[in-house]
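Student: Would you mind keeping the following structure in view while I ask a few things?
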Amino acid sequence: MDLLGQSVYYVGAVALLLIGFYMVLVKANLIKIMLGISFLDTGVHVLLIAIGYVRGRTAPILSEAMRTSAGGGSPEVVDPVPQALVLTAIVIGIGVLALGLSIAVRVYEHYGTLDAREIRGLRC
Amino acid sequence: MRKAAAVLLLAVLATGLALALAPIPFGQDKIVVANHYIRNGVRETGATNLVTSVVLDYRALDTLGEVTILFVAAVGVGVIFFAERPPRRRPRQAASVIVVTGSRVLFPLILLFGVYVFLHGHLTPGGGFQGGAVIASGVLLLYLARREQTLHREALGVAESLGGLVFVGIGLLGLAISGTFLSNFLAKGQPNLLLSAGVIPIIYTAVGVKVGAELARIIGDLVERE
Amino acid sequence: MLIAPLLIAIPLAAAFLAPLVRLVSRRAVRFIPPVALLANLVLGVLLVPRALAEPIVVSIGGWRPPFCINLVVGPLGILLAVLTSLVGLLIAVYAVTYIRKEPSDRYHMLFLLLVTGATGAVLTGDIFNLFVFFEILCMASYALTAYRRDKGGTEAGFKYLVQGTVGSTLILIAIALVYGRFGTLNMADIADRVASVDSMSLFVILALFLVGFGVEAAIFPLNAWLPDAHSSAPASISAILSAIAIKVGVYAMARTTYTLFDTPGLWGFLCAIGVVTLVVGEVSAYRQREDVKRMLAYSSIGQIGLIVFAFGLATADGAFGGLFQLVNHALAKALLFLAVGYMIYKVGSKRLASLEGLGREMPVTCLACAVATFSLVGLPPFAGFMSKLSIVYAAVATDRPLVFALVVIVLAATVVEGGYFFRLIQTLYFRKRPNPRPVGEAPLSGLIPVVVLGVLIVVIGLFPQVLTPILRGGADELFHRADYVRYVLGAP
């Protein structure tokens with residue numbers, strides 16, 4: 001479908017998101033769950049960047065060689081805001097990943113296993 | 001059973017996302033607010049890198065929050081990995097000659113590149129976070145070459161704190177000088193010069209130092225555990 | 001204009017300063033949070049009159065909205081900010097002696113950052129900025145839940161992190177869709193443009209927001225993390241989580257549903273979810289006879305259900321009741337967790353049975369507990385009576401048969417609540433201590449917060465008019481969208 005060709009980036013981003021959610025929901029290994037979170041992060045970042053893209057325009061770094069639109073001289077660049085958002089989101093993702101993996105290491109030290117099904121010390 | 005429920009949920013999510021993405025075709029010009037940034041960015045902030053002007057001027061509060069999040073992560077990892085007694089170091093296989101020699105050559109270059117990236121954040125792609133990450137990767141290289149490497153924790157902690165305080169301090173200075181928090185109160189200068197864009201290069205330097213020190217500390221916490 | 005950013009900048013700067021103070025004196029670090037939060041409380045209270053008259057809109061960076069991030073300090077924002085500073089201050093005082101396990105200086109840094117996140121989230125007028133401060137709050141919570149690094153704490157911390165991050169990802173997806181559809185991230189600008197966006201997009205985006213924020217708010221069925229987290233965290237953290245953190249989630253849900261997207265049509269769904277959460281929470285609490293902190297955690301889930309039910313009514317009266325209940329629960333649950341914290345510390349066990357007879361040996365602490373439980377159940381003359389009454393009144397005023405049926409369930413749940421809280425009082429006062437080893441009262445820094453909270457609960461119960469103007473203002477701010485847009489963006 002032409003729809004697919006047009007929006008391969010959207011499809012890719014959503015696919016990454018779905019893979020990430022699947023891993024978080026279904027997998028039992030703590031590290032795989034964190035990997036799933038990593039997939040989620042990447043998927044969201046690609047989605048944001050893809051939403052900001054405008055066909056035929058270039059990166060939002062201004063230089064003398066930049067093309068400007070016909071009337072008014074506004075530089076032909078893609079949307080800089082989603083890129084700024086992704087910058088922040090990547091850092092948030094790193095923070096969560098670091099925290100999650102370090103807690104997972106501690107859980108392993110206490111329980112001796114990385115299998116979430118066996119880590120059920122806290123029950124009613 | 002669980003897998004079936006998960007797949008069902010994901011199908012619902014995928015449908016919802018497809019429906020929500022349909023009215024936003026890929027590549028269409030849907031810029032609204034950002035047109036202001038594109039047209040006036042250089043004039044109003046002095047930075048030719050429009051993403052930087054968004055990150056450190058128009059939406060500077062987001063960046064302050066981002067710096068804070070990394071700080072939370074670093075302190076959090078420090079808490080989680082805190083050991084009452086220093087852990088025993090297991091003997092490790094030494095790295096090969098290539099890695100050891102290569103790291104000695106590359107580490108200063110990596111450091112230099114990282115500093116370049118955050119110093120020129122307002123002119124070329126990059127900025128404080130990217131530069132800090134590059135610096136931290138140099139530190140990681142040091143660990144790969146020599147497992148027993150230790151970092152001067154106190155100094156890194158001080159660098160971290162100072163970086164954050166400089167950022168908040170500039171924000172408060174802006175409040176005192178021009179009445180708005182995080183305003184760009186220094187002269188914009190001429191675009192494309194290193195010394196331009198007001199406080200932006202200063203903040204990015206502080207952020208670069210902070211992020212470099214912070215990520216290096218996190219790496220140190222993770223590696224020096226055992 | 002000048003003061004409002006300080007509410008965020010002060011705890012943030014204090015947290016950045018703490019490592020430097022640590023170099024000079026390790027022991028001095030634990031006094032930084034109380035000092036910073038006292039300053040915040042004073043500044044916040046100073047802002048209240050102006051915020052009530054007209055929301056203070058502060059542009060960050062010197063540009064005009066919607067081209068910058070702005071803070072909107074209206075009645076709702078200042079109410080939650082002052083509540084956060086007050087409860088945060090009291091918990092910080094408590095933590096001065098309660099936190100003995102090292103590395104305590106890092107605990108205090110994380111605590112300050114948690115409060116910064118909560119304050120920033122309720123004061124901001126930009127949806128992505130809300131997400132950033134929300135993430136600060138969440139990440140500090142994950143780390144503090146696992147602070148003790150014991151079996152329960154790490155397990156609870158990990159589960160909280162994973163579920164919270166899934167929620168945050170959904171919020172970020174929703175923000176991406178908002179930006180794609182609306183072209184702006186400013187909340188007032190979004191509210192202004194809602195009419196031009198198709199309802200299917202709005203539905204998907206709002207659903208993502210509700211589920212995403214709902215994880216932190218702990219509504220059913222997204223609350224699996226809460227009983228573990230609140231019971232395994234140190235008592236002071238359980239207190240701040242139950243009192244403030246989950247309320248930020250509810251605030252965000254209300255803000256996106258009503259101010260941003262103007263969807264009162266969701267009342268049926270939201271009220272139902274609220275009541276289900278309430279029932280699940282209260283019944284689970286009743287069945288929890290062993291771990292007293294877990295019982296309190298389930299009680300928090302129940303109360304959140306009640307608050308969501310009140311907000312779900314989609315009327316200003318409903319929001320009034322919801323905000324009132326929010327404030328009262330924050331005060332009472334913080335008190336309970338703090339009091340129980342020292343009780344558990346003194347007797348060395350979390351089991352309800354081991355607290356028998358403490359009423360005699362820890363008189364002040366247990367008396368405060370009694371005040372809090374009476375307030376939560378809704379007995380006059382305590383604050384909880386007025387808030388529950390206003391919720392019931394608002395529900396009846398909607399004149400919808402479904403809501404009447406739900407109110408009956410709410411009242412039945414209150415009876416259940418009375419059941420397990422009475423069990424607590426009975427254990428404290430009407431049993432003898434089995435082991436006559438003497439147990440002293442909590443230290444001064446553990447008593448002051450508990451007493452102050454107890455006094456506040458009584459005062460609000462006797463003089464609710466102290467609170468009602470700001471509650472009414474907050475409820476109105478949620479629904480008067482045209483005014484909100486006008487204050488931020490100027491007259492059209």
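Residue numbering restarts at 1 for every chain of the structure tokens, chains are lettered A, B, ... in their displayed order, and ligands are numbered from 1 as they appear.
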Could you pull out all residues of chain A with a DSSP call of helix (DSSP H, G or I) and give them as a PyMOL selection string?
Tutor: chain A and resi 2-6+8-26+30-52+80-111+116-118
Student: Hey, what's within 7 Å of range 111-128 of chain B if we count only C-alpha atoms and toss same-chain stuff fewer than 4 positions away? As a list in words, please?
Tutor: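 Within the cut-off, the hits are Ile61 of chain A; Ala47, Thr48, Asn49, Thr52, Phe107, Gly132, Val134, Ile135, Gly138, Asn192, Leu194, Pro201, Tyr204, Thr205, Val207 and Gly208 of chain B.
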Student: Using only C-alpha atoms, which of the listed residues (A:Ile94, A:Arg120, A:Ser102, A:Ala28) sits closest to Ala133 in chain B?
Tutor: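 Distance minimum relative to Ala133 in chain B lands on A:Ile94.
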Student: Considering only C-alpha atoms, give me a table of residues in chain A that are at most 7 Å from chain C, with the closest atom pair and distance in Å for each, as a Markdown table.
Tutor:
```
| residue | atom | partner | partner_atom | distance |
| --- | --- | --- | --- | --- |
| A:Leu40 | CA | C:Thr169 | CA | 7.0 |
| A:Val44 | CA | C:Ile173 | CA | 6.2 |
| A:Leu48 | CA | C:Ala176 | CA | 5.5 |
| A:Ile51 | CA | C:Gly180 | CA | 5.9 |
| A:Gly100 | CA | C:Phe158 | CA | 6.5 |
| A:Ile103 | CA | C:Thr154 | CA | 6.1 |
| A:Ala104 | CA | C:Phe158 | CA | 6.8 |
| A:Arg106 | CA | C:Thr154 | CA | 6.7 |
| A:Val107 | CA | C:Thr154 | CA | 5.7 |
| A:His110 | CA | C:Lys151 | CA | 5.8 |
| A:Gly121 | CA | C:Gly152 | CA | 6.7 |
| A:Leu122 | CA | C:Gly152 | CA | 6.4 |
```
Student: Write a file of the just-selected residues containing C-alpha atoms, as a CSV table (one decimal), in the first residue's frame.
Tutor:
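result11.csv, written as the output of this step:
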```csv
chain,number,residue,atom,x,y,z
A,40,LEU,CA,9.7,1.7,24.2
A,44,VAL,CA,8.8,7.0,21.2
A,48,LEU,CA,8.5,12.2,17.8
A,51,ILE,CA,6.1,13.7,13.5
A,100,GLY,CA,16.2,0.1,36.7
A,103,ILE,CA,17.8,-2.2,41.2
A,104,ALA,CA,17.7,-5.4,39.1
A,106,ARG,CA,20.3,-5.7,43.8
A,107,VAL,CA,17.2,-7.9,43.4
A,110,HIS,CA,18.8,-10.9,47.3
A,121,GLY,CA,8.6,-12.0,48.4
A,122,LEU,CA,5.9,-9.4,49.0
```
Student: What are the closest atom pairs, with distances in Å to one decimal, for all residues of chain B lying within 7 Å of chain A? Consider only C-alpha atoms, order rows by chain and residue number, and present the result as CSV.
Tutor:
```
residue,atom,partner,partner_atom,distance
B:Arg2,CA,A:Val26,CA,6.9
B:Lys3,CA,A:Val26,CA,6.1
B:Ala6,CA,A:Leu25,CA,6.5
B:Leu10,CA,A:Leu18,CA,6.3
B:Phe26,CA,A:Ser7,CA,5.7
B:Gly27,CA,A:Val54,CA,4.2
B:Gln28,CA,A:Val54,CA,5.5
B:Asp29,CA,A:Val54,CA,5.4
B:Ile31,CA,A:Asp79,CA,6.6
B:Ala34,CA,A:Asp79,CA,6.4
B:Ile38,CA,A:Pro75,CA,6.8
B:Arg39,CA,A:Ser74,CA,5.5
B:Thr48,CA,A:Leu62,CA,5.1
B:Asn49,CA,A:Ile61,CA,4.4
B:Leu50,CA,A:Pro60,CA,5.5
B:Val51,CA,A:Pro80,CA,5.1
B:Val54,CA,A:Ala84,CA,6.6
B:Val55,CA,A:Ala84,CA,5.6
B:Thr63,CA,A:Thr88,CA,6.9
B:Glu66,CA,A:Thr88,CA,5.8
B:Ile69,CA,A:Ile92,CA,6.4
B:Leu70,CA,A:Gly95,CA,5.7
B:Ala73,CA,A:Gly95,CA,4.9
B:Gly76,CA,A:Leu99,CA,6.5
B:Val77,CA,A:Leu99,CA,5.7
B:Ile80,CA,A:Ile103,CA,6.5
B:Thr124,CA,A:Ile61,CA,6.8
```
Student: If we count only C-alpha atoms and set the cut-off at 12 Å, which residues sit around Val459 in chain C, ignoring sequence neighbours fewer than 2 positions away in its own chain? Please answer as a list in words.
Tutor: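 Everything that qualifies: Asn328, Leu331, Val371, Ser375, Pro380, Pro381, Phe382, Ala383, Gly384, Met386, Val452, Leu453, Gly454, Val455, Leu456, Ile457, Gly461, Leu462, Phe463, Pro464, Gln465, Val466 and Leu467 of chain C.
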Student: Neighbours of range 317-322 of chain C within 7 Å (only C-alpha atoms; same-chain residues fewer than 2 positions away dropped), as an MDAnalysis selection string?
Tutor: chainID C and resid 307 310:311 313:315 324:326 387 390:391 394:395 471:472 475
Student: Please provide the set of residues having any atom within 9 Å of range 180-188 of chain B, restricted to only C-alpha atoms, with same-chain residues fewer than 4 positions apart removed, written as a PDB file with N, CA and C atoms, in the first residue's frame.
Tutor:
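Wrote it out as around-v2.pdb, contents follow:
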```pdb
ATOM      1  N   ARG B  43      17.605  35.803  15.514  1.00  0.00           N
ATOM      2  CA  ARG B  43      17.550  37.201  15.938  1.00  0.00           C
ATOM      3  C   ARG B  43      17.312  37.294  17.445  1.00  0.00           C
ATOM      4  N   GLU B  44      16.433  36.424  17.957  1.00  0.00           N
ATOM      5  CA  GLU B  44      16.033  36.573  19.356  1.00  0.00           C
ATOM      6  C   GLU B  44      16.994  35.907  20.319  1.00  0.00           C
ATOM      7  N   THR B  45      17.664  34.826  19.883  1.00  0.00           N
ATOM      8  CA  THR B  45      18.522  34.135  20.830  1.00  0.00           C
ATOM      9  C   THR B  45      19.986  34.209  20.465  1.00  0.00           C
ATOM     10  N   GLY B  46      20.323  34.456  19.211  1.00  0.00           N
ATOM     11  CA  GLY B  46      21.721  34.525  18.802  1.00  0.00           C
ATOM     12  C   GLY B  46      22.319  33.188  18.411  1.00  0.00           C
ATOM     13  N   ALA B  47      21.603  32.094  18.581  1.00  0.00           N
ATOM     14  CA  ALA B  47      22.157  30.777  18.255  1.00  0.00           C
ATOM     15  C   ALA B  47      21.723  30.369  16.862  1.00  0.00           C
ATOM     16  N   LEU B  56      17.615  25.761  25.062  1.00  0.00           N
ATOM     17  CA  LEU B  56      18.192  26.567  26.131  1.00  0.00           C
ATOM     18  C   LEU B  56      17.620  27.965  26.239  1.00  0.00           C
ATOM     19  N   ASP B  57      16.682  28.320  25.408  1.00  0.00           N
ATOM     20  CA  ASP B  57      16.132  29.660  25.543  1.00  0.00           C
ATOM     21  C   ASP B  57      14.620  29.606  25.625  1.00  0.00           C
ATOM     22  N   TYR B  58      13.974  29.154  24.566  1.00  0.00           N
ATOM     23  CA  TYR B  58      12.523  29.143  24.585  1.00  0.00           C
ATOM     24  C   TYR B  58      11.975  28.151  25.594  1.00  0.00           C
ATOM     25  N   ALA B  60      13.814  26.588  28.193  1.00  0.00           N
ATOM     26  CA  ALA B  60      14.944  26.307  29.075  1.00  0.00           C
ATOM     27  C   ALA B  60      14.504  25.566  30.332  1.00  0.00           C
ATOM     28  N   LEU B  61      13.277  25.755  30.759  1.00  0.00           N
ATOM     29  CA  LEU B  61      12.837  25.081  31.988  1.00  0.00           C
ATOM     30  C   LEU B  61      12.827  23.570  31.793  1.00  0.00           C
ATOM     31  N   PHE B 167      23.737  26.462  36.451  1.00  0.00           N
ATOM     32  CA  PHE B 167      22.519  26.541  35.640  1.00  0.00           C
ATOM     33  C   PHE B 167      21.412  27.270  36.409  1.00  0.00           C
ATOM     34  N   VAL B 168      21.138  26.807  37.651  1.00  0.00           N
ATOM     35  CA  VAL B 168      20.081  27.458  38.426  1.00  0.00           C
ATOM     36  C   VAL B 168      20.470  28.899  38.733  1.00  0.00           C
ATOM     37  N   ILE B 170      22.303  30.960  36.966  1.00  0.00           N
ATOM     38  CA  ILE B 170      22.056  31.835  35.819  1.00  0.00           C
ATOM     39  C   ILE B 170      20.573  32.127  35.683  1.00  0.00           C
ATOM     40  N   GLY B 171      19.768  31.101  35.968  1.00  0.00           N
ATOM     41  CA  GLY B 171      18.327  31.334  35.928  1.00  0.00           C
ATOM     42  C   GLY B 171      17.901  32.401  36.925  1.00  0.00           C
ATOM     43  N   LEU B 172      18.445  32.291  38.155  1.00  0.00           N
ATOM     44  CA  LEU B 172      18.079  33.267  39.178  1.00  0.00           C
ATOM     45  C   LEU B 172      18.641  34.648  38.844  1.00  0.00           C
ATOM     46  N   LEU B 173      19.850  34.672  38.240  1.00  0.00           N
ATOM     47  CA  LEU B 173      20.412  35.959  37.803  1.00  0.00           C
ATOM     48  C   LEU B 173      19.481  36.610  36.792  1.00  0.00           C
ATOM     49  N   GLY B 174      18.976  35.774  35.888  1.00  0.00           N
ATOM     50  CA  GLY B 174      18.026  36.303  34.908  1.00  0.00           C
ATOM     51  C   GLY B 174      16.810  36.891  35.601  1.00  0.00           C
ATOM     52  N   LEU B 175      16.375  36.199  36.670  1.00  0.00           N
ATOM     53  CA  LEU B 175      15.229  36.689  37.422  1.00  0.00           C
ATOM     54  C   LEU B 175      15.545  38.045  38.027  1.00  0.00           C
ATOM     55  N   ALA B 176      16.778  38.171  38.569  1.00  0.00           N
ATOM     56  CA  ALA B 176      17.150  39.420  39.218  1.00  0.00           C
ATOM     57  C   ALA B 176      17.357  40.539  38.201  1.00  0.00           C
ATOM     58  N   LEU B 195      31.650  33.182  20.621  1.00  0.00           N
ATOM     59  CA  LEU B 195      31.125  33.982  21.721  1.00  0.00           C
ATOM     60  C   LEU B 195      29.895  34.733  21.239  1.00  0.00           C
ATOM     61  N   SER B 196      28.792  34.020  21.190  1.00  0.00           N
ATOM     62  CA  SER B 196      27.550  34.683  20.836  1.00  0.00           C
ATOM     63  C   SER B 196      26.428  33.998  21.593  1.00  0.00           C
ATOM     64  N   ALA B 197      25.217  34.403  21.330  1.00  0.00           N
ATOM     65  CA  ALA B 197      24.030  33.757  21.903  1.00  0.00           C
ATOM     66  C   ALA B 197      23.939  33.909  23.414  1.00  0.00           C
ATOM     67  N   GLY B 198      24.514  34.967  23.950  1.00  0.00           N
ATOM     68  CA  GLY B 198      24.262  35.288  25.349  1.00  0.00           C
ATOM     69  C   GLY B 198      24.727  34.221  26.315  1.00  0.00           C
ATOM     70  N   VAL B 199      23.824  33.774  27.186  1.00  0.00           N
ATOM     71  CA  VAL B 199      24.213  32.829  28.240  1.00  0.00           C
ATOM     72  C   VAL B 199      24.232  31.395  27.735  1.00  0.00           C
ATOM     73  N   ILE B 200      23.765  31.156  26.516  1.00  0.00           N
ATOM     74  CA  ILE B 200      23.618  29.777  26.053  1.00  0.00           C
ATOM     75  C   ILE B 200      24.929  28.986  26.107  1.00  0.00           C
TER      76      ILE B 200
ATOM     77  N   MET C   1       5.035  37.648  40.396  1.00  0.00           N
ATOM     78  CA  MET C   1       5.810  37.392  39.173  1.00  0.00           C
ATOM     79  C   MET C   1       7.216  36.934  39.498  1.00  0.00           C
ATOM     80  N   LEU C   2       7.791  37.529  40.557  1.00  0.00           N
ATOM     81  CA  LEU C   2       9.159  37.153  40.879  1.00  0.00           C
ATOM     82  C   LEU C   2       9.212  35.950  41.798  1.00  0.00           C
ATOM     83  N   PRO C   5       8.617  31.463  40.413  1.00  0.00           N
ATOM     84  CA  PRO C   5       9.652  30.508  39.998  1.00  0.00           C
ATOM     85  C   PRO C   5      10.497  30.030  41.171  1.00  0.00           C
ATOM     86  N   LEU C   6      10.555  30.821  42.250  1.00  0.00           N
ATOM     87  CA  LEU C   6      11.369  30.414  43.388  1.00  0.00           C
ATOM     88  C   LEU C   6      10.836  29.151  44.039  1.00  0.00           C
ATOM     89  N   VAL C  58       3.422  33.260  34.866  1.00  0.00           N
ATOM     90  CA  VAL C  58       4.830  33.617  34.836  1.00  0.00           C
ATOM     91  C   VAL C  58       5.444  33.030  33.577  1.00  0.00           C
ATOM     92  N   SER C  59       5.955  33.871  32.707  1.00  0.00           N
ATOM     93  CA  SER C  59       6.620  33.349  31.514  1.00  0.00           C
ATOM     94  C   SER C  59       8.072  33.082  31.840  1.00  0.00           C
ATOM     95  N   ILE C  60       8.547  31.910  31.467  1.00  0.00           N
ATOM     96  CA  ILE C  60       9.929  31.564  31.732  1.00  0.00           C
ATOM     97  C   ILE C  60      10.743  31.926  30.500  1.00  0.00           C
ATOM     98  N   GLY C  61      11.792  32.701  30.707  1.00  0.00           N
ATOM     99  CA  GLY C  61      12.663  33.004  29.584  1.00  0.00           C
ATOM    100  C   GLY C  61      12.361  34.328  28.930  1.00  0.00           C
ATOM    101  N   GLY C  62      11.274  34.950  29.325  1.00  0.00           N
ATOM    102  CA  GLY C  62      11.045  36.298  28.824  1.00  0.00           C
ATOM    103  C   GLY C  62      10.278  36.389  27.534  1.00  0.00           C
ATOM    104  N   TRP C  63       9.810  35.263  27.011  1.00  0.00           N
ATOM    105  CA  TRP C  63       9.012  35.331  25.772  1.00  0.00           C
ATOM    106  C   TRP C  63       7.533  35.246  26.135  1.00  0.00           C
TER     107      TRP C  63
END
```
Student: As a list in words, please: every residue in chain A that a backbone DSSP assignment puts in strand (DSSP E or B).
Tutor: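 Of chain A, the ones in strand (DSSP E or B) are Asn29, Val54, Thr58, Ile61, Thr68, Pro75, Val77 and Asp115 of chain A.
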Student: For those residues, write N, CA and C atoms to a file as an mmCIF file, in the first residue's frame.
Tutor:
```cif
data_model
loop_
_atom_site.group_PDB
_atom_site.id
_atom_site.type_symbol
_atom_site.label_atom_id
_atom_site.label_comp_id
_atom_site.auth_asym_id
_atom_site.auth_seq_id
_atom_site.Cartn_x
_atom_site.Cartn_y
_atom_site.Cartn_z
ATOM 1 N N ASN A 29 12.203 -12.424 32.540
ATOM 2 C CA ASN A 29 13.564 -12.071 32.928
ATOM 3 C C ASN A 29 13.655 -10.566 33.146
ATOM 4 N N VAL A 54 9.302 17.512 7.892
ATOM 5 C CA VAL A 54 8.557 18.137 6.799
ATOM 6 C C VAL A 54 9.296 17.822 5.510
ATOM 7 N N THR A 58 15.446 20.691 5.491
ATOM 8 C CA THR A 58 16.702 20.179 6.030
ATOM 9 C C THR A 58 16.807 20.462 7.517
ATOM 10 N N ILE A 61 19.758 23.827 11.421
ATOM 11 C CA ILE A 61 20.972 24.555 11.760
ATOM 12 C C ILE A 61 21.145 25.573 10.659
ATOM 13 N N THR A 68 15.718 29.442 1.499
ATOM 14 C CA THR A 68 14.574 30.052 2.172
ATOM 15 C C THR A 68 13.370 29.986 1.260
ATOM 16 N N PRO A 75 13.533 30.283 6.704
ATOM 17 C CA PRO A 75 14.382 29.152 6.341
ATOM 18 C C PRO A 75 13.581 27.857 6.211
ATOM 19 N N VAL A 77 13.438 24.610 7.106
ATOM 20 C CA VAL A 77 13.956 23.587 8.007
ATOM 21 C C VAL A 77 12.811 22.798 8.603
ATOM 22 N N ASP A 115 14.342 -14.220 37.503
ATOM 23 C CA ASP A 115 13.033 -14.598 36.981
ATOM 24 C C ASP A 115 11.946 -13.918 37.802
#
```
